[in-house]
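Participant: The structure's right below; bear with me while I get my questions together.
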Amino acid sequence: MIPKAPTRPPARQRSPLHNLGEWPSYWARITPDAPALADETRSVTWLEFAHRVSHLAGWLRDGHLVPGDRVALFLENRTEFLELFFATARAGGITFPINLRLTPREIAFQIDDCRPAAIFFEAELRSTLEDALALARHRPALIFAIDQTEDPLEGAFSEASPLKEAVAVRADTPAILMYTSGTTGHPKGALLPHRKALYNALNAVEAFGISPGDRVLVVAPLFHSLGLQILAIPLLYSGGSLVLQRRFDPEAVWKTIASERISYFGGVPAMHQRLYQSLVTTPPPSFPNLRFVFSAGSAISTELIRNFASAKILVLQGYGQTETSTLSSLTAEDAPNRVGSVGRPVLHAELRVIRPETVARPPAEWEDAEEQETGEIVVRGPITMVGYWERPEATAETLTEGWLKTGDLAQQDADGFLTLVGRAREMLISGGENVYPAEIEAVYREHTAIREIAVVGTPDPQWGEVPRAHVLLEPNHELDTRELENWGRERLAAFKVPREIIIEDDLPRTASGKVRKHKLRRPA
């Protein structure tokens with residue numbers, strides 16, 4: 001049985017510098033009885049949260065984890081996800097969230113790439129994980145199922161002594177390893193340090209006006225940057241209360257906002273579109289505590305922002321990346337008059353908009369774009385990653401003398417507000433998911449009938465963008481496009497599978513033979 005939580009806050013301990021695993025202990029001393037986390041199954045106060053994190057960290061340290069080890073979380077939005085996240089950090093480990101939408105093949109690649117010491121998984125997803133482990137070369141020493149019982153981690157506490165003080169770490173010590181699709185056809189693991197979690201939280205406090213009295217709903221997946229780094233971590237840094245929903249259901253979201261007195265929540269535009277449709281179809285109870293709705297992941301339409309405004313709901317749009325979290329955000333004061341903008345740069349970062357033709361030069365030779373001139377966003381400061389896991393070449397391409405090159409194109413006005421206009425790289429965003437054509441192309445090139453493939457993004461009213469494939473077949477081969485769709489579905493997450501596959505006789509090319517993707521157009 002888990003040791004009984006103390007009836008009063010523990011005495012102040014010396015806090016090791018930098019480790020975010022100390023945050024729950026701080027709020028346990030300040031507001032021990034205030035709610036910290038809740039999901040559909042249970043809720044915990046700050047005192048209980050800190051107690052559980054300390055014991056979980058001790059259990060990990062005693063038998064399963066040394067500082068620097070990776071701990072994989074293949075979990076839905078539940079309190080155990082965040083308990084394990086903070087416990088891993090407290091013990092000096094690195095949390096590796098796994099996207100629940102990936103196929104076993106994709107999961108196996110990530111497991112082999114970062115070699116986690118432990119994996120905690122949803123019992124309902126056992127068959128998916130087993131298929132992934134059957135494909136993988138690496139097998140974690142600890143494989144732990146989280147089921148739907150009242151306290152699935154109870155057994156982990158049976159003989160664990162608490163880790164009373166977090167492991168001392170440096171500001172640059174990684175706390176999170178979050179994979180993002182790669183331009184070379186393979187996902188890359190962005191190493192996100194403790195300092196990034198802290199300064200991203202400080203930026204969110206500034207932009208959102210977070211206070212300990214706030215109650216925030218997280219329905220965006222915790223395995224994504226939006227759910228974990230932009231919504232959950234800053235709120236818990238601030239001592240507020242987090243309400244988790246495991247699956248997105250528009251009507252359930254509105255009901256929760258009303259019943260739980262939610263202050264704000266966030267999602268990607270595809271979610272907001274469905275939420276607005278639900279709002280006008282089945283008006284929910286009033287929600288006077290709701291200050292705003294946050295949108296990120298891809299551009300939200302100005303029409304949808306205005307539709308929410310007509311329902312007296314304020315939408316704040318922000319912009320960021322897995323490698324940086326939030327880079328800019330609108331405030332409540334600016335949002336009504338800045339529809340379409342992603343706001344001003346955050347406080348704790350240095351952001352520039354650079355003329356694209358100069359980005360390949362050393363930073364000393366970069367040229368800033370003029371007002372309203374399109375340029376590439378670069379950023380440096382405490383919110384950036386430290387690099388990609390075991391990818392020195394990719395790290396060197398993205399990080400230059402402390403500057404992170406985002407690959408995103410924007411214009412900045414005289415007041416500093418940013419408007420995104422495109423991407424210098426080929427990445428597209430579908431329903432908030434980053435999709436790189438090179439990864440899709442690498443999978444399809446394995447098909448013996450395909451000689452060449454070019455994947456581009458195409459606008460979609462529901463998902464923002466979806467991939468479309470233009471295919472050249474090998475001589476004397478014929479294929480049904482449905483067969484190619486099935487090929488992709490067996491090897492790629494559903495959001496990466498091209499929605500349209502066009503068999504071509506040839507592809508437009510440059511003089512050097514490269515495919516001119518911007519010339520690929522949907523046939524009339």
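How things are named: the first chain in the structure tokens is A, the next is B, and so on; residues count from 1 in each chain; ligands count from 1 in the order shown.
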Residues within 8 Å of Pro285 (chain A), please, as a PyMOL selection string. Count only C-alpha atoms; anything in the same chain fewer than 2 positions from it doesn't count.

Facilitator: chain A and resi 254-255+258+283+287

Participant: Only N, CA and C atoms, please: the residues just picked out, written as a JSON list (two decimals), in the first residue's frame.

Facilitator:
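Output saved as result-v2.json:
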```
[["chain", "number", "residue", "atom", "x", "y", "z"],
["A", 254, "TRP", "N", -17.55, 21.47, -23.28],
["A", 254, "TRP", "CA", -18.36, 22.62, -22.82],
["A", 254, "TRP", "C", -18.98, 22.36, -21.45],
["A", 255, "LYS", "N", -19.43, 21.13, -21.23],
["A", 255, "LYS", "CA", -20.02, 20.79, -19.93],
["A", 255, "LYS", "C", -18.97, 20.88, -18.82],
["A", 258, "ALA", "N", -18.19, 24.45, -17.85],
["A", 258, "ALA", "CA", -19.23, 25.01, -16.98],
["A", 258, "ALA", "C", -19.17, 24.44, -15.57],
["A", 283, "PRO", "N", -26.46, 24.59, -27.36],
["A", 283, "PRO", "CA", -25.89, 25.57, -26.42],
["A", 283, "PRO", "C", -25.73, 24.97, -25.03],
["A", 287, "PHE", "N", -20.76, 29.77, -18.79],
["A", 287, "PHE", "CA", -19.44, 29.54, -18.21],
["A", 287, "PHE", "C", -18.80, 30.89, -17.93]]
```

Participant: Could you list, as a list in words, every residue within 9 Å of His18 (chain A), counting only C-alpha atoms and ignoring same-chain residues fewer than 3 positions away?

Facilitator: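 My list of contacting residues is Ser15, Gly21, Glu22, Ala168, Val169, Arg170, Ala171, Asp172, Thr173, His194, Arg195 and Leu198 of chain A.
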
Participant: The selected residues should be written to file as a PDB file, in the first residue's frame (atoms: N, CA and C atoms).

Facilitator:
```pdb
ATOM      1  N   SER A  15      16.106  23.272  -1.809  1.00  0.00           N
ATOM      2  CA  SER A  15      15.662  22.954  -3.165  1.00  0.00           C
ATOM      3  C   SER A  15      16.843  22.905  -4.127  1.00  0.00           C
ATOM      4  N   GLY A  21      11.189  18.968 -10.831  1.00  0.00           N
ATOM      5  CA  GLY A  21      10.564  17.978  -9.953  1.00  0.00           C
ATOM      6  C   GLY A  21      10.336  18.475  -8.540  1.00  0.00           C
ATOM      7  N   GLU A  22      10.878  19.670  -8.200  1.00  0.00           N
ATOM      8  CA  GLU A  22      10.652  20.270  -6.890  1.00  0.00           C
ATOM      9  C   GLU A  22       9.366  21.103  -6.832  1.00  0.00           C
ATOM     10  N   ALA A 168      20.029  16.891  -8.129  1.00  0.00           N
ATOM     11  CA  ALA A 168      20.565  18.157  -8.620  1.00  0.00           C
ATOM     12  C   ALA A 168      20.860  18.053 -10.111  1.00  0.00           C
ATOM     13  N   VAL A 169      20.372  19.014 -10.867  1.00  0.00           N
ATOM     14  CA  VAL A 169      20.608  19.043 -12.306  1.00  0.00           C
ATOM     15  C   VAL A 169      21.076  20.441 -12.711  1.00  0.00           C
ATOM     16  N   ARG A 170      21.666  20.529 -13.886  1.00  0.00           N
ATOM     17  CA  ARG A 170      22.022  21.833 -14.448  1.00  0.00           C
ATOM     18  C   ARG A 170      20.822  22.400 -15.196  1.00  0.00           C
ATOM     19  N   ALA A 171      20.876  23.668 -15.499  1.00  0.00           N
ATOM     20  CA  ALA A 171      19.787  24.293 -16.254  1.00  0.00           C
ATOM     21  C   ALA A 171      19.615  23.618 -17.609  1.00  0.00           C
ATOM     22  N   ASP A 172      20.710  23.165 -18.215  1.00  0.00           N
ATOM     23  CA  ASP A 172      20.658  22.553 -19.544  1.00  0.00           C
ATOM     24  C   ASP A 172      20.428  21.051 -19.520  1.00  0.00           C
ATOM     25  N   THR A 173      20.262  20.463 -18.352  1.00  0.00           N
ATOM     26  CA  THR A 173      19.991  19.026 -18.279  1.00  0.00           C
ATOM     27  C   THR A 173      18.631  18.731 -18.909  1.00  0.00           C
ATOM     28  N   HIS A 194      15.476  21.483 -18.386  1.00  0.00           N
ATOM     29  CA  HIS A 194      14.727  22.019 -17.245  1.00  0.00           C
ATOM     30  C   HIS A 194      14.519  23.523 -17.378  1.00  0.00           C
ATOM     31  N   ARG A 195      15.544  24.242 -17.850  1.00  0.00           N
ATOM     32  CA  ARG A 195      15.402  25.695 -17.971  1.00  0.00           C
ATOM     33  C   ARG A 195      14.297  26.064 -18.942  1.00  0.00           C
ATOM     34  N   LEU A 198      10.967  25.943 -17.207  1.00  0.00           N
ATOM     35  CA  LEU A 198      10.796  27.093 -16.317  1.00  0.00           C
ATOM     36  C   LEU A 198      10.468  28.357 -17.096  1.00  0.00           C
TER      37      LEU A 198
END
```

Participant: Could you list, as a PyMOL selection string, every residue within 10 Å of region 488-492 of chain A, counting only C-alpha atoms and ignoring same-chain residues fewer than 3 positions away?

Facilitator: chain A and resi 101-106+439-440+443-444+447+482-485+495-498

Participant: With only C-alpha atoms as the counted atoms, please give the residues lying no more than 7 Å from Leu242 (chain A), apart from itself and same-chain residues fewer than 6 positions off, as a ChimeraX atom specification.

Facilitator: /A:36-38,215-217

Participant: Could you write out the selected residues, including N, CA and C atoms, as a short mmCIF file (atom, residue, chain, number, x, y, z; two decimals), in the first residue's frame?

Facilitator:
```cif
data_model
loop_
_atom_site.label_atom_id
_atom_site.label_comp_id
_atom_site.auth_asym_id
_atom_site.auth_seq_id
_atom_site.Cartn_x
_atom_site.Cartn_y
_atom_site.Cartn_z
N ALA A 36 -4.90 19.95 -7.18
CA ALA A 36 -3.81 20.05 -8.15
C ALA A 36 -4.19 19.41 -9.47
N LEU A 37 -4.61 18.15 -9.44
CA LEU A 37 -4.93 17.39 -10.65
C LEU A 37 -6.25 16.67 -10.50
N ALA A 38 -6.97 16.53 -11.61
CA ALA A 38 -8.18 15.72 -11.63
C ALA A 38 -8.40 15.17 -13.03
N ARG A 215 -8.20 27.46 -12.98
CA ARG A 215 -8.53 26.06 -13.26
C ARG A 215 -8.49 25.89 -14.78
N VAL A 216 -7.62 25.01 -15.24
CA VAL A 216 -7.36 24.88 -16.68
C VAL A 216 -7.74 23.48 -17.15
N LEU A 217 -8.46 23.43 -18.24
CA LEU A 217 -8.83 22.16 -18.86
C LEU A 217 -7.81 21.79 -19.91
#
```

Participant: Based on the backbone DSSP call, show me all residues of region 204-297 of chain A assigned strand (DSSP E), as a list in words.

Facilitator: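 Matching residues, listed in order: Arg215, Val216, Leu217, Val218, Ser241, Leu242, Val243, Leu244, Tyr264, Phe265, Gly266, Gly267, Phe292, Val293, Phe294 and Ser295 of chain A.
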
Participant: When distances are computed from only C-alpha atoms, which of A:Arg306, A:Arg352, A:Arg29, A:Arg78 shows the smallest separation from Ser328 (chain A)?

Facilitator: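 Closest to Ser328 (chain A) of all the choices is A:Arg352.
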
Participant: Using only C-alpha atoms, which protein or nucleic acid residues come within 12 Å of Phe223 (chain A)? Drop anything in the same chain fewer than 4 positions from it, and give the result as a ChimeraX atom specification.

Facilitator: /A:72-78,81-82,85,95-102,176-180,218-219,227-232,246,322,433

Participant: Include N, CA and C atoms and write out the residues we just selected as a short mmCIF file (atom, residue, chain, number, x, y, z; two decimals), in the first residue's frame.

Facilitator:
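Contents of again.cif, freshly written:
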```cif
data_model
loop_
_atom_site.label_atom_id
_atom_site.label_comp_id
_atom_site.auth_asym_id
_atom_site.auth_seq_id
_atom_site.Cartn_x
_atom_site.Cartn_y
_atom_site.Cartn_z
N ALA A 72 9.54 6.23 -20.94
CA ALA A 72 8.52 6.40 -21.97
C ALA A 72 7.13 6.37 -21.35
N LEU A 73 6.27 7.29 -21.79
CA LEU A 73 4.88 7.34 -21.35
C LEU A 73 3.98 7.16 -22.57
N PHE A 74 3.36 6.01 -22.66
CA PHE A 74 2.42 5.70 -23.74
C PHE A 74 1.03 5.74 -23.13
N LEU A 75 0.63 6.96 -22.74
CA LEU A 75 -0.56 7.14 -21.90
C LEU A 75 -1.48 8.22 -22.44
N GLU A 76 -2.75 8.07 -22.10
CA GLU A 76 -3.74 9.10 -22.38
C GLU A 76 -3.61 10.22 -21.34
N ASN A 77 -4.48 11.23 -21.46
CA ASN A 77 -4.50 12.30 -20.47
C ASN A 77 -5.07 11.77 -19.16
N ARG A 78 -4.22 11.58 -18.18
CA ARG A 78 -4.63 11.07 -16.86
C ARG A 78 -3.63 11.58 -15.83
N PHE A 81 0.00 10.33 -15.76
CA PHE A 81 0.97 10.87 -16.73
C PHE A 81 1.82 11.95 -16.06
N LEU A 82 1.16 12.90 -15.41
CA LEU A 82 1.88 14.02 -14.81
C LEU A 82 2.61 13.62 -13.53
N PHE A 85 5.68 12.10 -14.90
CA PHE A 85 6.52 13.13 -15.50
C PHE A 85 7.34 13.86 -14.43
N THR A 95 11.68 12.35 -19.54
CA THR A 95 10.40 11.81 -19.97
C THR A 95 10.32 11.79 -21.50
N PHE A 96 9.89 10.66 -22.02
CA PHE A 96 9.74 10.45 -23.46
C PHE A 96 8.27 10.12 -23.75
N PRO A 97 7.44 11.14 -24.09
CA PRO A 97 6.03 10.86 -24.40
C PRO A 97 5.91 10.24 -25.79
N ILE A 98 5.06 9.23 -25.90
CA ILE A 98 4.83 8.56 -27.19
C ILE A 98 3.44 8.95 -27.71
N ASN A 99 3.39 9.38 -28.94
CA ASN A 99 2.14 9.75 -29.59
C ASN A 99 1.25 8.51 -29.73
N LEU A 100 0.05 8.56 -29.18
CA LEU A 100 -0.84 7.41 -29.22
C LEU A 100 -1.36 7.10 -30.62
N ARG A 101 -1.17 8.03 -31.55
CA ARG A 101 -1.68 7.83 -32.90
C ARG A 101 -0.69 7.12 -33.81
N LEU A 102 0.50 6.83 -33.32
CA LEU A 102 1.52 6.20 -34.16
C LEU A 102 1.24 4.72 -34.36
N ILE A 176 12.81 16.47 -21.00
CA ILE A 176 11.83 15.89 -21.92
C ILE A 176 12.54 15.55 -23.23
N LEU A 177 12.16 14.42 -23.79
CA LEU A 177 12.59 14.04 -25.14
C LEU A 177 11.33 13.88 -25.97
N MET A 178 11.06 14.85 -26.83
CA MET A 178 9.81 14.85 -27.59
C MET A 178 10.14 14.78 -29.08
N TYR A 179 9.58 13.76 -29.74
CA TYR A 179 9.91 13.54 -31.14
C TYR A 179 9.08 14.44 -32.05
N THR A 180 9.77 14.92 -33.09
CA THR A 180 9.13 15.69 -34.14
C THR A 180 9.58 15.11 -35.46
N VAL A 218 -7.31 20.55 -19.85
CA VAL A 218 -6.38 20.04 -20.87
C VAL A 218 -7.05 18.85 -21.55
N VAL A 219 -7.50 19.10 -22.76
CA VAL A 219 -8.04 18.03 -23.59
C VAL A 219 -7.11 17.76 -24.76
N GLY A 227 -0.39 20.35 -25.20
CA GLY A 227 -0.99 19.85 -23.98
C GLY A 227 -0.05 19.86 -22.79
N LEU A 228 1.19 19.39 -23.00
CA LEU A 228 2.13 19.25 -21.89
C LEU A 228 2.84 20.56 -21.57
N GLN A 229 3.47 21.17 -22.58
CA GLN A 229 4.38 22.27 -22.31
C GLN A 229 3.71 23.65 -22.27
N ILE A 230 2.63 23.82 -23.01
CA ILE A 230 2.00 25.13 -23.06
C ILE A 230 0.84 25.25 -22.07
N LEU A 231 0.12 24.14 -21.85
CA LEU A 231 -1.04 24.19 -20.95
C LEU A 231 -0.72 23.62 -19.56
N ALA A 232 -0.23 22.38 -19.49
CA ALA A 232 -0.10 21.70 -18.20
C ALA A 232 1.05 22.23 -17.34
N ARG A 246 -9.54 12.64 -21.26
CA ARG A 246 -8.76 11.67 -22.04
C ARG A 246 -9.03 11.74 -23.53
N THR A 322 7.84 22.49 -31.21
CA THR A 322 8.27 21.52 -30.20
C THR A 322 9.62 21.93 -29.61
N GLU A 433 -0.84 18.34 -35.99
CA GLU A 433 0.28 17.39 -36.07
C GLU A 433 1.29 17.87 -37.09
#
```

Participant: How many Å lie between CA of Trp46 (chain A) and CA of Leu163 (chain A), rounded to one decimal?

Facilitator: 16.7 Å

Participant: Determine, counting only C-alpha atoms, which protein, DNA and RNA residues have an atom within 12 Å of an atom of Thr400 (chain A); residues of the same chain fewer than 4 positions away are not included. Present the result as a list in words.

Facilitator: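 Non-adjacent residues within range: Val359, Ala360, Arg361, Pro362, Pro363, Ala364, Trp366, Val378, Val379, Arg380, Thr384, Val386, Gly387, Glu393, Ala394, Thr395, Ala396, Leu404, Lys405 and Thr406 of chain A.
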
Participant: Out of A:His477, A:Lys312, A:Arg391, A:Arg344, which residue has the shortest atom-to-atom distance to Gly416 (chain A) when counting only C-alpha atoms?

Facilitator: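 Of A:His477, A:Lys312, A:Arg391, A:Arg344, the one nearest Gly416 (chain A), counting only C-alpha atoms, is A:Arg344.
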
Participant: Looking at A:Pro174, A:Gly431, A:Gly239, A:Ala136, which one is nearest to Arg274 (chain A), with distances taken over only C-alpha atoms?

Facilitator: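 That would be A:Gly431, the residue with the smallest distance to Arg274 (chain A).
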
Participant: Quick one: everything within 8 Å of Gly381 (chain A), counting only C-alpha atoms, minus sequence neighbours fewer than 3 positions away in the same chain. Send it as JSON, numbers by chain.

Facilitator: {"A": [348, 349, 350, 384, 402, 403]}

Participant: Which residue out of A:Ala134, A:Ile257, A:Ala204, A:Ala469 has the minimum interatomic distance to Pro345 (chain A) when only C-alpha atoms are used?

Facilitator: A:Ala204

Participant: Work out how far apart CA of Leu125 (chain A) and CA of Ala57 (chain A) are and give it in Å to one decimal.

Facilitator: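 That distance, rounded to one decimal, is 24.7 Å.
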